[in-house]
Amino acid sequence: PRIAQKVARHFADAGYTVLTDTPATAKLLALQGVKVVEFDYANRRTLRDAVADSQIDLVVNLAQRRPAGKADPNYAMRRMAVDFGIPLVNDQRCAEMLVDALDALPAGAATALYGKQPLNIRTPVDVKSWQQYLDMRK
């Protein structure tokens, strides 16, 4: 729960709408002050329409167990993300590292505004050629 709360808090603070699949998840995040919208993953038509209309920019699906089959709502969400080319994070440690990396960027290096605003990312460190990298390792 701690990682889900941390990830949700980060993206909510960045201006994104956080969607949850169950009332229990919504309640857990609401306790941390994260405003969420419950989204019925089990309704595949609604899910497909939302994904196809690009209303979802990133899927962080931290299911506690591997989906038992194609009828599982978490499987449906992950599958839709893959089918429509939406970035998917489904590992708790990776989700936490993503948030930590975004938080570590210098101010202004990455900005995310509500809606369809693109990320404005500039490289926060000097970019080196592959050869320069290899030379550093000698």
# chains A, B, ... in the order shown; residues from 1 in each chain; ligands from 1

call {"tool": "residues_around", "arguments": {"residues": "segment 92-108 of chain A", "least_positions_apart": "4", "cutoff": "7 Å", "atoms": "only C-alpha atoms", "output": "list in words"}}
result
Ile3, Val7, His10, Leu62 and Pro124 of chain A

call {"tool": "write_last_selection", "arguments": {"atoms": "N, CA and C atoms", "output": "mmCIF file, in the first residue's frame"}}
result
data_model
loop_
_atom_site.group_PDB
_atom_site.id
_atom_site.type_symbol
_atom_site.label_atom_id
_atom_site.label_comp_id
_atom_site.auth_asym_id
_atom_site.auth_seq_id
_atom_site.Cartn_x
_atom_site.Cartn_y
_atom_site.Cartn_z
ATOM 1 N N ILE A 3 3.684 1.964 -1.441
ATOM 2 C CA ILE A 3 4.179 2.335 -2.769
ATOM 3 C C ILE A 3 3.036 2.857 -3.635
ATOM 4 N N VAL A 7 3.121 6.555 -5.327
ATOM 5 C CA VAL A 7 3.004 6.745 -6.776
ATOM 6 C C VAL A 7 1.779 7.607 -7.089
ATOM 7 N N HIS A 10 2.377 11.253 -6.145
ATOM 8 C CA HIS A 10 3.264 11.945 -7.087
ATOM 9 C C HIS A 10 2.495 12.421 -8.319
ATOM 10 N N LEU A 62 -0.435 -2.212 -10.096
ATOM 11 C CA LEU A 62 0.337 -2.902 -9.070
ATOM 12 C C LEU A 62 -0.494 -3.996 -8.410
ATOM 13 N N PRO A 124 18.924 16.334 -17.750
ATOM 14 C CA PRO A 124 19.456 16.997 -16.562
ATOM 15 C C PRO A 124 20.958 16.793 -16.367
#

call {"tool": "residues_around", "arguments": {"residues": "segment 43-51 of chain A", "least_positions_apart": "5", "cutoff": "10 Å", "atoms": "only C-alpha atoms", "output": "number ranges by chain"}}
result
A: 56-57, 73, 76-77, 80-81, 83-86

call {"tool": "residues_around", "arguments": {"residues": "Gly33 of chain A", "least_positions_apart": "4", "cutoff": "12 Å", "atoms": "only C-alpha atoms", "output": "list in words"}}
result
Gln5, Lys6, Ala8, Arg9, His10, Ala12, Asp13, Val18, Ala26, Lys27, Leu28 and Leu29 of chain A

call {"tool": "write_last_selection", "arguments": {"atoms": "C-alpha atoms", "output": "JSON list (two decimals), in the first residue's frame"}}
result
[["chain", "number", "residue", "atom", "x", "y", "z"],
["A", 5, "GLN", "CA", 0.13, 5.72, -2.15],
["A", 6, "LYS", "CA", 3.50, 7.24, -3.03],
["A", 8, "ALA", "CA", -0.56, 8.06, -6.71],
["A", 9, "ARG", "CA", 0.47, 11.08, -4.63],
["A", 10, "HIS", "CA", 3.26, 11.95, -7.09],
["A", 12, "ALA", "CA", -1.86, 13.60, -8.47],
["A", 13, "ASP", "CA", 0.49, 16.39, -7.34],
["A", 18, "VAL", "CA", -5.58, 9.09, -10.78],
["A", 26, "ALA", "CA", -9.89, 4.56, -3.77],
["A", 27, "LYS", "CA", -10.42, 4.61, 0.00],
["A", 28, "LEU", "CA", -6.76, 3.79, 0.69],
["A", 29, "LEU", "CA", -5.58, 6.65, -1.52]]

call {"tool": "atom_distance", "arguments": {"atom1": "atom CA of Asn74 of chain A", "atom2": "atom CA of Leu31 of chain A"}}
result
22.9 Å

call {"tool": "atom_distance", "arguments": {"atom1": "atom CA of Ala63 of chain A", "atom2": "atom CA of Pro87 of chain A"}}
result
16.1 Å

call {"tool": "atom_distance", "arguments": {"atom1": "atom CA of Ala30 of chain A", "atom2": "atom CA of Leu58 of chain A"}}
result
20.2 Å

call {"tool": "closest_residue", "arguments": {"among": "A:Arg137, A:Ala4, A:Asp53, A:Ala14", "to": "Val89 of chain A", "atoms": "only C-alpha atoms"}}
result
A:Ala4

call {"tool": "closest_residue", "arguments": {"among": "A:Gln64, A:Asn90, A:Asp21, A:Gly15", "to": "Asp40 of chain A", "atoms": "only C-alpha atoms"}}
result
A:Asp21

call {"tool": "decode", "arguments": {"residues": "segment 8-22 of chain A", "atoms": "all heavy atoms", "output": "PDB file, in the first residue's frame"}}
result
ATOM      1  N   ALA A   8       0.661   7.292  -6.469  1.00  0.00           N
ATOM      2  CA  ALA A   8      -0.564   8.056  -6.708  1.00  0.00           C
ATOM      3  C   ALA A   8      -0.386   9.510  -6.279  1.00  0.00           C
ATOM      4  O   ALA A   8      -0.804  10.434  -6.982  1.00  0.00           O
ATOM      5  CB  ALA A   8      -1.735   7.419  -5.977  1.00  0.00           C
ATOM      6  N   ARG A   9       0.239   9.722  -5.132  1.00  0.00           N
ATOM      7  CA  ARG A   9       0.471  11.082  -4.632  1.00  0.00           C
ATOM      8  C   ARG A   9       1.326  11.869  -5.620  1.00  0.00           C
ATOM      9  O   ARG A   9       1.053  13.021  -5.938  1.00  0.00           O
ATOM     10  CB  ARG A   9       1.143  11.020  -3.255  1.00  0.00           C
ATOM     11  CG  ARG A   9       1.826  12.283  -2.779  1.00  0.00           C
ATOM     12  CD  ARG A   9       0.977  13.470  -2.428  1.00  0.00           C
ATOM     13  NE  ARG A   9      -0.159  13.142  -1.634  1.00  0.00           N
ATOM     14  CZ  ARG A   9      -1.356  13.716  -1.787  1.00  0.00           C
ATOM     15  NH1 ARG A   9      -1.538  14.645  -2.697  1.00  0.00           N
ATOM     16  NH2 ARG A   9      -2.360  13.398  -1.031  1.00  0.00           N
ATOM     17  N   HIS A  10       2.377  11.253  -6.145  1.00  0.00           N
ATOM     18  CA  HIS A  10       3.264  11.945  -7.087  1.00  0.00           C
ATOM     19  C   HIS A  10       2.495  12.421  -8.319  1.00  0.00           C
ATOM     20  O   HIS A  10       2.586  13.582  -8.704  1.00  0.00           O
ATOM     21  CB  HIS A  10       4.421  11.033  -7.511  1.00  0.00           C
ATOM     22  CG  HIS A  10       5.234  11.629  -8.619  1.00  0.00           C
ATOM     23  ND1 HIS A  10       6.232  12.540  -8.383  1.00  0.00           N
ATOM     24  CD2 HIS A  10       5.159  11.489  -9.962  1.00  0.00           C
ATOM     25  CE1 HIS A  10       6.747  12.930  -9.536  1.00  0.00           C
ATOM     26  NE2 HIS A  10       6.109  12.290 -10.505  1.00  0.00           N
ATOM     27  N   PHE A  11       1.754  11.504  -8.947  1.00  0.00           N
ATOM     28  CA  PHE A  11       1.074  11.870 -10.179  1.00  0.00           C
ATOM     29  C   PHE A  11      -0.112  12.798  -9.925  1.00  0.00           C
ATOM     30  O   PHE A  11      -0.399  13.669 -10.754  1.00  0.00           O
ATOM     31  CB  PHE A  11       0.689  10.623 -10.975  1.00  0.00           C
ATOM     32  CG  PHE A  11       1.883   9.977 -11.612  1.00  0.00           C
ATOM     33  CD1 PHE A  11       2.408   8.807 -11.105  1.00  0.00           C
ATOM     34  CD2 PHE A  11       2.502  10.562 -12.699  1.00  0.00           C
ATOM     35  CE1 PHE A  11       3.531   8.222 -11.675  1.00  0.00           C
ATOM     36  CE2 PHE A  11       3.632   9.997 -13.277  1.00  0.00           C
ATOM     37  CZ  PHE A  11       4.143   8.824 -12.767  1.00  0.00           C
ATOM     38  N   ALA A  12      -0.779  12.667  -8.807  1.00  0.00           N
ATOM     39  CA  ALA A  12      -1.857  13.597  -8.465  1.00  0.00           C
ATOM     40  C   ALA A  12      -1.286  14.999  -8.262  1.00  0.00           C
ATOM     41  O   ALA A  12      -1.851  15.985  -8.748  1.00  0.00           O
ATOM     42  CB  ALA A  12      -2.598  13.125  -7.220  1.00  0.00           C
ATOM     43  N   ASP A  13      -0.158  15.090  -7.559  1.00  0.00           N
ATOM     44  CA  ASP A  13       0.485  16.390  -7.341  1.00  0.00           C
ATOM     45  C   ASP A  13       0.973  17.007  -8.647  1.00  0.00           C
ATOM     46  O   ASP A  13       1.068  18.226  -8.764  1.00  0.00           O
ATOM     47  CB  ASP A  13       1.654  16.261  -6.360  1.00  0.00           C
ATOM     48  CG  ASP A  13       1.205  16.009  -4.926  1.00  0.00           C
ATOM     49  OD1 ASP A  13      -0.010  16.146  -4.635  1.00  0.00           O
ATOM     50  OD2 ASP A  13       2.071  15.650  -4.099  1.00  0.00           O
ATOM     51  N   ALA A  14       1.294  16.156  -9.635  1.00  0.00           N
ATOM     52  CA  ALA A  14       1.743  16.643 -10.945  1.00  0.00           C
ATOM     53  C   ALA A  14       0.567  17.067 -11.824  1.00  0.00           C
ATOM     54  O   ALA A  14       0.767  17.552 -12.926  1.00  0.00           O
ATOM     55  CB  ALA A  14       2.562  15.564 -11.654  1.00  0.00           C
ATOM     56  N   GLY A  15      -0.656  16.858 -11.336  1.00  0.00           N
ATOM     57  CA  GLY A  15      -1.817  17.324 -12.074  1.00  0.00           C
ATOM     58  C   GLY A  15      -2.560  16.263 -12.857  1.00  0.00           C
ATOM     59  O   GLY A  15      -3.484  16.571 -13.587  1.00  0.00           O
ATOM     60  N   TYR A  16      -2.145  15.028 -12.718  1.00  0.00           N
ATOM     61  CA  TYR A  16      -2.826  13.952 -13.424  1.00  0.00           C
ATOM     62  C   TYR A  16      -4.018  13.451 -12.624  1.00  0.00           C
ATOM     63  O   TYR A  16      -4.013  13.462 -11.399  1.00  0.00           O
ATOM     64  CB  TYR A  16      -1.865  12.779 -13.670  1.00  0.00           C
ATOM     65  CG  TYR A  16      -0.867  13.060 -14.757  1.00  0.00           C
ATOM     66  CD1 TYR A  16       0.413  13.491 -14.447  1.00  0.00           C
ATOM     67  CD2 TYR A  16      -1.205  12.900 -16.088  1.00  0.00           C
ATOM     68  CE1 TYR A  16       1.339  13.754 -15.441  1.00  0.00           C
ATOM     69  CE2 TYR A  16      -0.286  13.160 -17.097  1.00  0.00           C
ATOM     70  CZ  TYR A  16       0.979  13.593 -16.764  1.00  0.00           C
ATOM     71  OH  TYR A  16       1.878  13.853 -17.747  1.00  0.00           O
ATOM     72  N   THR A  17      -5.019  12.976 -13.341  1.00  0.00           N
ATOM     73  CA  THR A  17      -6.143  12.316 -12.699  1.00  0.00           C
ATOM     74  C   THR A  17      -5.726  10.890 -12.400  1.00  0.00           C
ATOM     75  O   THR A  17      -5.192  10.202 -13.273  1.00  0.00           O
ATOM     76  CB  THR A  17      -7.371  12.308 -13.627  1.00  0.00           C
ATOM     77  OG1 THR A  17      -7.714  13.660 -13.921  1.00  0.00           O
ATOM     78  CG2 THR A  17      -8.549  11.609 -12.979  1.00  0.00           C
ATOM     79  N   VAL A  18      -5.935  10.447 -11.183  1.00  0.00           N
ATOM     80  CA  VAL A  18      -5.582   9.094 -10.781  1.00  0.00           C
ATOM     81  C   VAL A  18      -6.849   8.249 -10.816  1.00  0.00           C
ATOM     82  O   VAL A  18      -7.836   8.571 -10.156  1.00  0.00           O
ATOM     83  CB  VAL A  18      -4.949   9.080  -9.369  1.00  0.00           C
ATOM     84  CG1 VAL A  18      -4.665   7.658  -8.920  1.00  0.00           C
ATOM     85  CG2 VAL A  18      -3.674   9.918  -9.358  1.00  0.00           C
ATOM     86  N   LEU A  19      -6.809   7.181 -11.597  1.00  0.00           N
ATOM     87  CA  LEU A  19      -7.935   6.265 -11.698  1.00  0.00           C
ATOM     88  C   LEU A  19      -7.646   5.031 -10.862  1.00  0.00           C
ATOM     89  O   LEU A  19      -6.517   4.547 -10.854  1.00  0.00           O
ATOM     90  CB  LEU A  19      -8.156   5.834 -13.150  1.00  0.00           C
ATOM     91  CG  LEU A  19      -8.344   6.936 -14.184  1.00  0.00           C
ATOM     92  CD1 LEU A  19      -8.423   6.356 -15.576  1.00  0.00           C
ATOM     93  CD2 LEU A  19      -9.590   7.728 -13.878  1.00  0.00           C
ATOM     94  N   THR A  20      -8.659   4.533 -10.181  1.00  0.00           N
ATOM     95  CA  THR A  20      -8.505   3.307  -9.412  1.00  0.00           C
ATOM     96  C   THR A  20      -9.546   2.298  -9.854  1.00  0.00           C
ATOM     97  O   THR A  20     -10.588   2.667 -10.388  1.00  0.00           O
ATOM     98  CB  THR A  20      -8.657   3.544  -7.900  1.00  0.00           C
ATOM     99  OG1 THR A  20      -9.979   3.984  -7.639  1.00  0.00           O
ATOM    100  CG2 THR A  20      -7.657   4.551  -7.396  1.00  0.00           C
ATOM    101  N   ASP A  21      -9.247   1.046  -9.607  1.00  0.00           N
ATOM    102  CA  ASP A  21     -10.141  -0.015 -10.075  1.00  0.00           C
ATOM    103  C   ASP A  21     -11.124  -0.509  -9.023  1.00  0.00           C
ATOM    104  O   ASP A  21     -12.112  -1.145  -9.360  1.00  0.00           O
ATOM    105  CB  ASP A  21      -9.328  -1.188 -10.611  1.00  0.00           C
ATOM    106  CG  ASP A  21      -8.433  -1.806  -9.554  1.00  0.00           C
ATOM    107  OD1 ASP A  21      -8.132  -1.135  -8.559  1.00  0.00           O
ATOM    108  OD2 ASP A  21      -8.017  -2.960  -9.730  1.00  0.00           O
ATOM    109  N   THR A  22     -10.880  -0.239  -7.761  1.00  0.00           N
ATOM    110  CA  THR A  22     -11.765  -0.753  -6.710  1.00  0.00           C
ATOM    111  C   THR A  22     -12.049   0.325  -5.671  1.00  0.00           C
ATOM    112  O   THR A  22     -11.231   1.229  -5.454  1.00  0.00           O
ATOM    113  CB  THR A  22     -11.134  -1.958  -5.969  1.00  0.00           C
ATOM    114  OG1 THR A  22      -9.976  -1.501  -5.257  1.00  0.00           O
ATOM    115  CG2 THR A  22     -10.767  -3.083  -6.922  1.00  0.00           C
TER     116      THR A  22
END
